[in-house]
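What follows is protein_0.pdb (PDB, C-alpha atoms).
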ATOM      1  CA  MET A   1      -1.073  33.680 -72.961
ATOM      2  CA  ILE A   2      -2.957  30.449 -73.078
ATOM      3  CA  ARG A   3      -1.819  28.648 -76.179
ATOM      4  CA  ASN A   4      -4.181  25.744 -76.641
ATOM      5  CA  HIS A   5      -7.759  26.659 -77.434
ATOM      6  CA  LYS A   6      -9.234  23.235 -78.055
ATOM      7  CA  LEU A   7     -11.464  23.246 -74.971
ATOM      8  CA  GLU A   8     -12.750  26.765 -75.696
ATOM      9  CA  LEU A   9     -13.742  25.659 -79.180
ATOM     10  CA  ILE A  10     -15.499  22.559 -77.883
ATOM     11  CA  THR A  11     -17.429  24.637 -75.349
ATOM     12  CA  LEU A  12     -18.360  27.199 -77.979
ATOM     13  CA  PHE A  13     -19.561  24.402 -80.205
ATOM     14  CA  ALA A  14     -21.626  22.859 -77.385
ATOM     15  CA  VAL A  15     -23.283  26.202 -76.630
ATOM     16  CA  LEU A  16     -23.996  26.812 -80.314
ATOM     17  CA  ALA A  17     -25.480  23.324 -80.682
ATOM     18  CA  PHE A  18     -27.613  24.042 -77.621
ATOM     19  CA  ILE A  19     -28.931  27.247 -79.199
ATOM     20  CA  VAL A  20     -29.633  25.535 -82.518
ATOM     21  CA  VAL A  21     -31.589  22.794 -80.736
ATOM     22  CA  PHE A  22     -33.559  25.443 -78.868
ATOM     23  CA  LEU A  23     -34.386  27.329 -82.069
ATOM     24  CA  TYR A  24     -35.417  24.098 -83.745
ATOM     25  CA  VAL A  25     -37.646  22.980 -80.860
ATOM     26  CA  SER A  26     -39.240  26.387 -80.386
ATOM     27  CA  SER A  27     -39.970  26.813 -84.102
ATOM     28  CA  GLY A  28     -42.213  23.760 -84.274
ATOM     29  CA  GLY A  29     -45.148  22.857 -82.044
ATOM     30  CA  HIS A  30     -46.492  24.758 -79.077
ATOM     31  CA  HIS A  31     -44.010  24.674 -76.287
ATOM     32  CA  GLU A  32     -44.475  26.943 -73.343
ATOM     33  CA  PHE A  33     -40.949  26.585 -71.995
ATOM     34  CA  SER A  34     -42.313  26.707 -68.495
ATOM     35  CA  GLY A  35     -40.110  25.533 -65.653
ATOM     36  CA  SER A  36     -39.716  21.797 -65.170
ATOM     37  CA  ASP A  37     -40.619  22.425 -61.508
ATOM     38  CA  ASP A  38     -44.111  23.464 -62.586
ATOM     39  CA  VAL A  39     -44.417  20.613 -65.056
ATOM     40  CA  GLY A  40     -43.430  18.267 -62.229
ATOM     41  CA  SER A  41     -46.052  19.790 -59.928
ATOM     42  CA  GLN A  42     -48.700  19.316 -62.617
ATOM     43  CA  LYS A  43     -47.679  15.686 -62.896
ATOM     44  CA  ILE A  44     -48.152  15.283 -59.151
ATOM     45  CA  SER A  45     -51.669  16.664 -59.338
ATOM     46  CA  GLU A  46     -52.327  14.366 -62.293
ATOM     47  CA  LEU A  47     -51.064  11.300 -60.415
ATOM     48  CA  THR A  48     -52.920  12.067 -57.193
ATOM     49  CA  GLY A  49     -56.061  13.416 -58.829
ATOM     50  CA  HIS A  50     -55.980  16.498 -56.590
ATOM     51  CA  PRO A  51     -56.173  19.868 -58.343
ATOM     52  CA  LEU A  52     -53.006  21.992 -58.289
ATOM     53  CA  ASP A  53     -54.299  24.631 -55.888
ATOM     54  CA  SER A  54     -55.257  22.019 -53.301
ATOM     55  CA  PHE A  55     -51.545  21.759 -52.499
ATOM     56  CA  LYS A  56     -51.065  24.314 -49.741
ATOM     57  CA  PRO A  57     -47.625  25.231 -48.457
ATOM     58  CA  LEU A  58     -46.794  23.411 -45.222
ATOM     59  CA  ILE A  59     -44.711  26.376 -44.129
ATOM     60  CA  PRO A  60     -45.944  29.793 -45.279
ATOM     61  CA  GLN A  61     -43.533  31.365 -47.703
ATOM     62  CA  TYR A  62     -42.841  34.613 -49.505
ATOM     63  CA  GLU A  63     -43.601  34.618 -53.191
ATOM     64  CA  PRO A  64     -42.279  37.261 -55.547
ATOM     65  CA  PRO A  65     -45.365  39.281 -56.518
ATOM     66  CA  SER A  66     -44.498  39.257 -60.227
ATOM     67  CA  GLY A  67     -42.256  37.670 -62.814
ATOM     68  CA  GLU A  68     -40.241  40.885 -63.015
ATOM     69  CA  ILE A  69     -39.361  40.803 -59.346
ATOM     70  CA  GLU A  70     -38.489  37.147 -59.593
ATOM     71  CA  ALA A  71     -36.205  37.908 -62.545
ATOM     72  CA  THR A  72     -34.500  40.621 -60.513
ATOM     73  CA  LEU A  73     -33.790  38.252 -57.662
ATOM     74  CA  PHE A  74     -32.424  35.605 -60.010
ATOM     75  CA  ALA A  75     -30.276  38.233 -61.706
ATOM     76  CA  LEU A  76     -28.971  39.294 -58.303
ATOM     77  CA  GLN A  77     -28.083  35.707 -57.501
ATOM     78  CA  ALA A  78     -26.147  35.317 -60.755
ATOM     79  CA  ALA A  79     -24.535  38.743 -60.388
ATOM     80  CA  PHE A  80     -23.325  37.865 -56.916
ATOM     81  CA  GLY A  81     -21.662  34.734 -58.316
ATOM     82  CA  GLY A  82     -20.211  36.697 -61.214
ATOM     83  CA  ILE A  83     -18.669  39.326 -58.940
ATOM     84  CA  ILE A  84     -16.971  36.698 -56.794
ATOM     85  CA  LEU A  85     -15.717  34.936 -59.918
ATOM     86  CA  GLY A  86     -14.221  38.084 -61.438
ATOM     87  CA  LEU A  87     -12.705  39.063 -58.110
ATOM     88  CA  VAL A  88     -10.944  35.745 -57.576
ATOM     89  CA  PHE A  89      -9.605  35.311 -61.100
ATOM     90  CA  GLY A  90      -8.434  38.913 -61.098
ATOM     91  CA  TYR A  91      -6.740  38.343 -57.755
ATOM     92  CA  TRP A  92      -4.973  35.212 -59.032
ATOM     93  CA  LEU A  93      -3.914  36.901 -62.240
ATOM     94  CA  GLY A  94      -2.526  39.827 -60.285
ATOM     95  CA  GLN A  95      -0.673  37.510 -57.922
ATOM     96  CA  ARG A  96       0.910  35.714 -60.842
ATOM     97  CA  LYS A  97       1.910  38.962 -62.576
ATOM     98  CA  SER A  98       3.510  40.460 -59.509
ATOM     99  CA  SER A  99       5.350  37.270 -58.600
ATOM    100  CA  SER A 100       6.873  36.944 -62.073
ATOM    101  CA  ALA A 101       7.811  40.636 -62.159
ATOM    102  CA  THR A 102      10.191  40.316 -59.231
TER     103      THR A 102
ATOM    104  CA  MET B   1     -35.399  20.202 -59.738
ATOM    105  CA  HIS B   2     -37.063  22.002 -56.893
ATOM    106  CA  ILE B   3     -39.924  20.227 -55.279
ATOM    107  CA  MET B   4     -42.358  23.044 -54.625
ATOM    108  CA  GLU B   5     -43.477  23.908 -51.110
ATOM    109  CA  GLY B   6     -46.530  21.859 -50.182
ATOM    110  CA  PHE B   7     -45.988  19.221 -52.839
ATOM    111  CA  LEU B   8     -44.387  16.704 -50.524
ATOM    112  CA  PRO B   9     -46.204  15.095 -47.581
ATOM    113  CA  TRP B  10     -44.681  16.056 -44.243
ATOM    114  CA  GLN B  11     -43.439  12.528 -43.485
ATOM    115  CA  TRP B  12     -41.222  12.638 -46.554
ATOM    116  CA  CYS B  13     -40.110  16.188 -45.781
ATOM    117  CA  LEU B  14     -38.988  15.030 -42.359
ATOM    118  CA  LEU B  15     -37.200  11.962 -43.715
ATOM    119  CA  TRP B  16     -35.183  13.956 -46.290
ATOM    120  CA  TRP B  17     -34.338  16.601 -43.697
ATOM    121  CA  LEU B  18     -32.991  13.863 -41.424
ATOM    122  CA  VAL B  19     -30.891  12.506 -44.295
ATOM    123  CA  ALA B  20     -29.542  15.962 -45.146
ATOM    124  CA  ILE B  21     -28.612  17.249 -41.700
ATOM    125  CA  PRO B  22     -25.597  14.982 -41.035
ATOM    126  CA  PHE B  23     -24.057  16.075 -44.343
ATOM    127  CA  LEU B  24     -24.475  19.726 -43.412
ATOM    128  CA  VAL B  25     -22.963  19.220 -39.973
ATOM    129  CA  VAL B  26     -19.906  17.405 -41.330
ATOM    130  CA  GLY B  27     -19.683  20.004 -44.096
ATOM    131  CA  VAL B  28     -19.574  22.921 -41.675
ATOM    132  CA  ILE B  29     -16.922  21.164 -39.567
ATOM    133  CA  GLU B  30     -14.814  20.460 -42.670
ATOM    134  CA  LEU B  31     -15.255  24.020 -43.856
ATOM    135  CA  ARG B  32     -14.020  25.427 -40.561
ATOM    136  CA  SER B  33     -11.010  23.155 -40.415
ATOM    137  CA  ILE B  34      -9.982  23.827 -44.011
ATOM    138  CA  MET B  35     -10.232  27.587 -43.459
ATOM    139  CA  ARG B  36      -8.185  27.393 -40.307
ATOM    140  CA  LYS B  37      -5.502  25.354 -42.074
ATOM    141  CA  ASP B  38      -4.880  27.668 -44.979
ATOM    142  CA  ARG B  39      -6.534  30.906 -46.085
ATOM    143  CA  ASP B  40      -5.284  30.237 -49.630
ATOM    144  CA  TYR B  41      -8.215  27.894 -50.129
ATOM    145  CA  LEU B  42     -10.725  30.705 -49.720
ATOM    146  CA  PRO B  43     -10.520  32.076 -53.301
ATOM    147  CA  LEU B  44     -10.959  28.597 -54.792
ATOM    148  CA  LEU B  45     -13.920  28.026 -52.519
ATOM    149  CA  GLY B  46     -15.294  31.320 -53.800
ATOM    150  CA  VAL B  47     -14.977  30.211 -57.418
ATOM    151  CA  CYS B  48     -16.673  26.877 -56.732
ATOM    152  CA  GLY B  49     -19.473  28.555 -54.803
ATOM    153  CA  ALA B  50     -19.845  31.297 -57.401
ATOM    154  CA  PHE B  51     -20.522  28.726 -60.087
ATOM    155  CA  ILE B  52     -23.253  27.072 -58.082
ATOM    156  CA  PHE B  53     -24.827  30.520 -57.633
ATOM    157  CA  ILE B  54     -24.561  31.488 -61.295
ATOM    158  CA  LEU B  55     -25.528  28.200 -62.912
ATOM    159  CA  SER B  56     -28.467  27.479 -60.638
ATOM    160  CA  ALA B  57     -29.905  30.929 -61.440
ATOM    161  CA  LEU B  58     -29.932  30.235 -65.178
ATOM    162  CA  LYS B  59     -33.082  28.572 -66.339
ATOM    163  CA  LEU B  60     -32.442  27.284 -69.811
ATOM    164  CA  PRO B  61     -34.847  25.935 -72.401
ATOM    165  CA  SER B  62     -34.425  22.335 -73.405
ATOM    166  CA  VAL B  63     -35.514  19.771 -75.979
ATOM    167  CA  THR B  64     -38.668  18.775 -74.119
ATOM    168  CA  GLY B  65     -40.105  22.278 -74.382
ATOM    169  CA  SER B  66     -39.669  23.144 -70.737
ATOM    170  CA  CYS B  67     -36.975  25.012 -68.856
ATOM    171  CA  SER B  68     -34.603  23.784 -66.232
ATOM    172  CA  HIS B  69     -31.408  24.930 -64.610
ATOM    173  CA  PRO B  70     -27.966  23.377 -64.281
ATOM    174  CA  THR B  71     -26.584  22.833 -60.778
ATOM    175  CA  GLY B  72     -22.877  23.652 -60.985
ATOM    176  CA  THR B  73     -22.016  21.413 -58.064
ATOM    177  CA  GLY B  74     -19.453  19.278 -59.916
ATOM    178  CA  LEU B  75     -16.517  21.678 -59.647
ATOM    179  CA  SER B  76     -16.889  22.080 -55.918
ATOM    180  CA  THR B  77     -17.237  18.311 -55.504
ATOM    181  CA  ILE B  78     -13.927  17.749 -57.273
ATOM    182  CA  CYS B  79     -12.059  20.426 -55.346
ATOM    183  CA  PHE B  80     -13.563  20.100 -51.875
ATOM    184  CA  GLY B  81     -15.601  16.895 -51.723
ATOM    185  CA  VAL B  82     -19.234  16.151 -51.036
ATOM    186  CA  PHE B  83     -19.689  17.625 -47.550
ATOM    187  CA  ILE B  84     -18.480  21.148 -48.237
ATOM    188  CA  THR B  85     -20.427  21.148 -51.499
ATOM    189  CA  SER B  86     -23.561  20.249 -49.571
ATOM    190  CA  VAL B  87     -23.166  23.367 -47.429
ATOM    191  CA  ILE B  88     -22.755  25.688 -50.436
ATOM    192  CA  GLY B  89     -25.660  24.000 -52.219
ATOM    193  CA  ALA B  90     -27.812  24.386 -49.118
ATOM    194  CA  ILE B  91     -27.131  28.133 -49.007
ATOM    195  CA  VAL B  92     -28.247  28.543 -52.628
ATOM    196  CA  LEU B  93     -31.360  26.440 -52.076
ATOM    197  CA  LEU B  94     -32.220  28.375 -48.933
ATOM    198  CA  PHE B  95     -31.955  31.649 -50.846
ATOM    199  CA  GLN B  96     -34.252  30.348 -53.558
ATOM    200  CA  ALA B  97     -36.737  28.959 -51.044
ATOM    201  CA  LEU B  98     -36.919  32.142 -48.982
ATOM    202  CA  LEU B  99     -36.955  34.799 -51.692
ATOM    203  CA  LEU B 100     -38.004  33.121 -54.920
ATOM    204  CA  ALA B 101     -40.560  30.526 -53.834
ATOM    205  CA  HIS B 102     -38.554  27.936 -55.762
ATOM    206  CA  GLY B 103     -38.747  25.038 -53.404
ATOM    207  CA  GLY B 104     -39.734  25.737 -49.832
ATOM    208  CA  LEU B 105     -38.574  25.288 -46.287
ATOM    209  CA  SER B 106     -40.406  22.004 -45.769
ATOM    210  CA  THR B 107     -39.137  20.555 -49.056
ATOM    211  CA  LEU B 108     -35.673  22.036 -48.554
ATOM    212  CA  GLY B 109     -34.481  18.736 -47.065
ATOM    213  CA  ALA B 110     -35.536  16.814 -50.163
ATOM    214  CA  ASN B 111     -34.072  19.440 -52.476
ATOM    215  CA  MET B 112     -30.790  19.392 -50.581
ATOM    216  CA  VAL B 113     -30.638  15.618 -50.830
ATOM    217  CA  SER B 114     -30.989  15.801 -54.613
ATOM    218  CA  MET B 115     -28.948  18.878 -55.566
ATOM    219  CA  ALA B 116     -26.498  19.414 -52.724
ATOM    220  CA  ILE B 117     -25.853  15.815 -51.667
ATOM    221  CA  GLY B 118     -27.003  13.120 -54.112
ATOM    222  CA  GLY B 119     -25.680  14.722 -57.283
ATOM    223  CA  PRO B 120     -22.310  15.530 -55.705
ATOM    224  CA  LEU B 121     -22.080  11.992 -54.241
ATOM    225  CA  ALA B 122     -22.550  10.441 -57.680
ATOM    226  CA  GLY B 123     -20.083  12.904 -59.169
ATOM    227  CA  TYR B 124     -17.595  12.127 -56.433
ATOM    228  CA  ALA B 125     -17.843   8.383 -57.114
ATOM    229  CA  VAL B 126     -17.023   8.985 -60.782
ATOM    230  CA  TYR B 127     -14.208  11.343 -59.827
ATOM    231  CA  ARG B 128     -12.568   8.775 -57.544
ATOM    232  CA  LEU B 129     -12.854   6.175 -60.252
ATOM    233  CA  LEU B 130     -11.110   8.344 -62.843
ATOM    234  CA  LYS B 131      -8.748  10.396 -60.681
ATOM    235  CA  ASN B 132      -5.689   8.156 -60.873
ATOM    236  CA  THR B 133      -6.293   6.740 -64.335
ATOM    237  CA  PRO B 134      -4.670   8.142 -67.481
ATOM    238  CA  VAL B 135      -8.026   9.698 -68.465
ATOM    239  CA  ASN B 136      -7.531  13.347 -69.342
ATOM    240  CA  MET B 137      -8.257  15.715 -66.419
ATOM    241  CA  TYR B 138     -10.631  17.923 -68.360
ATOM    242  CA  ILE B 139     -12.610  14.956 -69.599
ATOM    243  CA  THR B 140     -12.839  13.774 -65.998
ATOM    244  CA  VAL B 141     -14.141  17.184 -64.887
ATOM    245  CA  PHE B 142     -16.616  17.181 -67.755
ATOM    246  CA  ILE B 143     -17.989  13.752 -66.852
ATOM    247  CA  VAL B 144     -18.134  14.477 -63.119
ATOM    248  CA  CYS B 145     -20.031  17.751 -63.620
ATOM    249  CA  ALA B 146     -22.459  16.254 -66.120
ATOM    250  CA  VAL B 147     -23.106  13.270 -63.840
ATOM    251  CA  ALA B 148     -23.601  15.445 -60.739
ATOM    252  CA  ASP B 149     -26.091  17.563 -62.688
ATOM    253  CA  LEU B 150     -28.011  14.671 -64.192
ATOM    254  CA  VAL B 151     -28.159  12.531 -61.052
ATOM    255  CA  THR B 152     -29.626  15.513 -59.158
ATOM    256  CA  TYR B 153     -32.680  15.286 -61.379
ATOM    257  CA  VAL B 154     -32.816  11.501 -61.242
ATOM    258  CA  ILE B 155     -32.972  11.763 -57.454
ATOM    259  CA  THR B 156     -35.704  14.411 -57.595
ATOM    260  CA  SER B 157     -37.712  12.039 -59.803
ATOM    261  CA  PHE B 158     -37.076   9.259 -57.321
ATOM    262  CA  GLU B 159     -38.136  11.356 -54.315
ATOM    263  CA  LEU B 160     -41.379  12.308 -56.036
ATOM    264  CA  ALA B 161     -42.020   8.752 -57.204
ATOM    265  CA  LEU B 162     -41.621   7.443 -53.643
ATOM    266  CA  ALA B 163     -44.097   9.988 -52.343
ATOM    267  CA  TYR B 164     -46.519   9.624 -55.250
ATOM    268  CA  PRO B 165     -46.554   6.066 -56.596
ATOM    269  CA  ALA B 166     -48.859   5.691 -59.604
ATOM    270  CA  GLN B 167     -52.100   3.795 -59.089
ATOM    271  CA  SER B 168     -51.091   1.292 -61.735
ATOM    272  CA  GLY B 169     -47.411   0.445 -61.879
ATOM    273  CA  GLY B 170     -46.549   1.963 -58.491
ATOM    274  CA  VAL B 171     -43.242   3.674 -57.823
ATOM    275  CA  ILE B 172     -41.579   2.539 -61.040
ATOM    276  CA  ALA B 173     -44.322   3.907 -63.291
ATOM    277  CA  SER B 174     -44.374   7.290 -61.615
ATOM    278  CA  PHE B 175     -40.569   7.333 -61.506
ATOM    279  CA  SER B 176     -40.438   7.044 -65.272
ATOM    280  CA  ALA B 177     -43.061   9.780 -65.594
ATOM    281  CA  PHE B 178     -41.020  12.185 -63.445
ATOM    282  CA  PHE B 179     -37.796  10.993 -65.056
ATOM    283  CA  ILE B 180     -39.071  12.119 -68.460
ATOM    284  CA  ILE B 181     -40.013  15.546 -67.087
ATOM    285  CA  PHE B 182     -36.840  16.190 -65.152
ATOM    286  CA  ALA B 183     -33.978  14.040 -66.367
ATOM    287  CA  ILE B 184     -34.552  14.054 -70.131
ATOM    288  CA  THR B 185     -34.882  17.843 -70.068
ATOM    289  CA  GLN B 186     -31.605  17.920 -68.218
ATOM    290  CA  ILE B 187     -29.384  15.944 -70.612
ATOM    291  CA  PRO B 188     -28.437  18.826 -72.951
ATOM    292  CA  LEU B 189     -27.989  21.150 -69.981
ATOM    293  CA  ALA B 190     -25.690  18.661 -68.296
ATOM    294  CA  ILE B 191     -23.503  18.501 -71.389
ATOM    295  CA  VAL B 192     -23.152  22.279 -71.641
ATOM    296  CA  GLU B 193     -22.511  22.537 -67.907
ATOM    297  CA  GLY B 194     -19.790  19.892 -68.144
ATOM    298  CA  CYS B 195     -18.042  21.816 -70.929
ATOM    299  CA  VAL B 196     -18.212  25.149 -69.124
ATOM    300  CA  LEU B 197     -16.906  23.787 -65.833
ATOM    301  CA  ALA B 198     -14.115  21.865 -67.599
ATOM    302  CA  LEU B 199     -13.116  25.190 -69.134
ATOM    303  CA  VAL B 200     -13.130  26.886 -65.737
ATOM    304  CA  PHE B 201     -11.009  24.072 -64.366
ATOM    305  CA  LYS B 202      -8.548  24.659 -67.199
ATOM    306  CA  TYR B 203      -8.208  28.302 -66.139
ATOM    307  CA  ILE B 204      -7.664  27.315 -62.536
ATOM    308  CA  VAL B 205      -4.938  24.901 -63.658
ATOM    309  CA  ALA B 206      -3.366  27.686 -65.704
ATOM    310  CA  LEU B 207      -3.456  30.273 -62.909
ATOM    311  CA  LYS B 208      -3.289  28.430 -59.599
ATOM    312  CA  PRO B 209      -1.995  24.871 -60.073
ATOM    313  CA  GLU B 210      -0.362  24.913 -56.609
ATOM    314  CA  ILE B 211      -3.733  25.023 -54.833
ATOM    315  CA  LEU B 212      -4.988  22.025 -56.786
ATOM    316  CA  ILE B 213      -1.798  20.157 -55.948
ATOM    317  CA  LYS B 214      -2.084  21.079 -52.275
ATOM    318  CA  LEU B 215      -5.666  19.805 -52.169
ATOM    319  CA  ASN B 216      -4.523  16.689 -54.051
ATOM    320  CA  VAL B 217      -7.316  17.184 -56.574
ATOM    321  CA  PHE B 218      -5.408  15.261 -59.211
ATOM    322  CA  PRO B 219      -1.965  13.594 -59.120
ATOM    323  CA  GLU B 220       0.754  16.248 -59.117
ATOM    324  CA  ASP B 221       2.385  15.176 -62.373
ATOM    325  CA  LYS B 222      -0.922  15.449 -64.228
ATOM    326  CA  ILE B 223      -1.491  18.998 -63.020
ATOM    327  CA  THR B 224       2.086  20.088 -63.635
ATOM    328  CA  ARG B 225       2.023  18.674 -67.135
ATOM    329  CA  ALA B 226      -1.291  20.346 -67.947
ATOM    330  CA  HIS B 227      -0.050  23.602 -66.459
ATOM    331  CA  GLY B 228       3.034  23.415 -68.667
ATOM    332  CA  GLN B 229       0.850  22.929 -71.720
ATOM    333  CA  GLU B 230      -1.419  25.840 -70.902
ATOM    334  CA  GLY B 231       1.632  27.857 -69.955
ATOM    335  CA  VAL B 232       0.299  31.203 -68.792
ATOM    336  CA  GLY B 233       3.036  33.611 -69.737
ATOM    337  CA  SER B 234       2.932  36.887 -67.901
ATOM    338  CA  ARG B 235       4.522  38.752 -70.743
TER     339      ARG B 235
END
In structure tokens, write the structure found in this file.
Amino acid sequence: MIRNHKLELITLFAVLAFIVVFLYVSSGGHHEFSGSDDVGSQKISELTGHPLDSFKPLIPQYEPPSGEIEATLFALQAAFGGIILGLVFGYWLGQRKSSSAT
Amino acid sequence: MHIMEGFLPWQWCLLWWLVAIPFLVVGVIELRSIMRKDRDYLPLLGVCGAFIFILSALKLPSVTGSCSHPTGTGLSTICFGVFITSVIGAIVLLFQALLLAHGGLSTLGANMVSMAIGGPLAGYAVYRLLKNTPVNMYITVFIVCAVADLVTYVITSFELALAYPAQSGGVIASFSAFFIIFAITQIPLAIVEGCVLALVFKYIVALKPEILIKLNVFPEDKITRAHGQEGVGSR
């Protein structure tokens, strides 16, 4: 078993601090928590003086018809990564177990 | 950090594509040669790639009241270098451009230069600086990942500032405007990402130190010592 848990504790602390900051920020003021991509696009339209919808895609692209479908695709992306991750660490763990058994 | 489709004039799209392509070509060549040399590298490549997939799908809220996502490119940069990382990053960005309308095909070049190339390059510079010093390995991984994440957003700000200089103050004024939107939002995310990837690196050291030694990721004695400390017992 892994003996030293210092790094786990630090990571846990960092994640907790992150959550606390989020709760604090979201409790006060009116924050939309929209994507920084969109905020950036708004800034562009502000700087150029052109309205947002005057920016037309140079290359036509598919857009997920709703937020739900977008969430599904993002979940799929993360799930794909997660499966690979579990597979590889399981494979390594199994390798180590079988090599120390003989 | 995606620059949305249509939000970059075509001249800039072309320029960033031209910058990105050599990295992809070298990356594919490196990838082929490393796979031919030893299939043992494949699982590690999977882990590095998996983290770019997972972390860049997570859009997290931040102090500025907007959401952004980490990049996860630091781990791959440390293990495999900038070029291979640029290929994995490009695959993720292509997926998001084609299916999610996050970024687009014309701005893909610019997005690759920031997330898949620029961030990793900065991370790699830090990594080389710290690799052979007595600085703790996990701290090195933490710093490299946080830097790769943060610099990605600095470069996005820079790309947008070049294309859209402010009427008063020019490139510098609009750079600071984009910097506040992208990079300040990113600071807390970069810290959490650094911690998580340092933790993952610890598990790789515990389970598969020989691969890290073979890739010469860190000096052998550092890895062996850390492995001894973690000491994964099978019983």
Suppose a student applies the PyMOL selection byres ((chain A and resi 43-57) around 12) to this structure; what residues should they get, written as a PyMOL selection string? (chain A and resi 36-42+58-63) or (chain B and resi 3-10+97+101-107+157+159-171+173-182)
Which residues would end up in the selection if the PyMOL selection byres ((chain A and resi 8-25) around 9) were applied here, given that I need the answer as a ChimeraX atom specification? /A:4-7,26-29,31 /B:61-65,188-189,191-192,194-196,198-199
Work out how far CA of Ser56 (chain B) is from CA of His227 (chain B), in Å to one decimal.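 Pair CA of His227 (chain B) / CA of Ser56 (chain B) returns 29.3 Å.
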Looking at all atoms listed in the file, which of B:Met137, B:Leu98, B:Ile155, B:Val144 is the one that sits closest to chain A? B:Leu98
Of the candidates A:Gly94, A:Gly67, A:Gly86, A:Gly81, which shows the shortest atom-to-atom distance to chain B, using only C-alpha atoms?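 Of the candidates, the smallest distance to chain B is held by A:Gly81.
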Tell me, in Å to one decimal, how far CA of Trp16 (chain B) is from CA of Thr156 (chain B).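 These atoms are spaced 11.3 Å apart.
Considering the residues B:Ala50, B:Leu130, B:Leu75, B:Val135 and counting all atoms listed in the file, chain A has its shortest atom-to-atom contact with B:Ala50.
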Surrounding residues of Asp38 (chain B) excluding itself and chain neighbours under 6 positions, 12 Å, all atoms listed in the file, as JSON, numbers by chain: {"B": [31, 32, 44, 45, 211, 214, 215]}
Only C-alpha atoms, please: the residues just picked out, written as a compact mmCIF listing (two decimals), in the coordinates of the input.
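Result file follows (part14.txt):
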# COMPACT_ATOMS: atom_id res chain seq x y z
CA LEU B 31 -15.26 24.02 -43.86
CA ARG B 32 -14.02 25.43 -40.56
CA LEU B 44 -10.96 28.60 -54.79
CA LEU B 45 -13.92 28.03 -52.52
CA ILE B 211 -3.73 25.02 -54.83
CA LYS B 214 -2.08 21.08 -52.28
CA LEU B 215 -5.67 19.80 -52.17
10 Å contact set for Leu212 (chain B), all atoms listed in the file, chain neighbours under 6 positions out, as a ChimeraX atom specification: /B:41,44,78-79,201,204-205,218-220,223
Near Cys48 (chain B), within 10 Å and counting all atoms listed in the file, which residues show up once chain neighbours fewer than 6 positions away are dropped, as a PyMOL selection string? (chain A and resi 81+84-85) or (chain B and resi 42+72-80+85+88+197+200-201)
Kindly give the distance, in Å, that separates CA of Ser34 (chain A) and CA of Cys67 (chain B), rounded to a single decimal.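 One can read the CA of Ser34 (chain A) to CA of Cys67 (chain B) distance as 5.6 Å.
If you measure from each of B:Thr140, B:Asn216, B:Ser66, B:Gln186 to chain A using only C-alpha atoms, the closest one turns out to be B:Ser66.
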Just say which residues the PyMOL selection byres ((chain B and resi 69) around 6) picks in this file, as a ChimeraX atom specification. /B:56,58-60,68,70
Name all residues at most 10 Å from Ala226 (chain B) (count all atoms listed in the file; drop same-chain ones fewer than 3 positions away) and give them as a PyMOL selection string. chain B and resi 136-138+202+205-206+209+220-223+229-231
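Closest approach to chain A among B:Arg36, B:Lys208, B:Arg128, B:Arg225 is made by B:Lys208 (distances from all atoms listed in the file).
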Option closest in space to Ile69 (chain A), from B:Gly46, B:Ser33, B:Gly228, B:Leu99 [counting only C-alpha atoms]: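 Selected residue with least distance to Ile69 (chain A): B:Leu99.
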Residues near Pro22 (chain B), cut-off 12 Å, only C-alpha atoms, skip fewer than 6 positions along chain, as a ChimeraX atom specification: /B:16,28-29,82-84,86-87,109,112-113,117
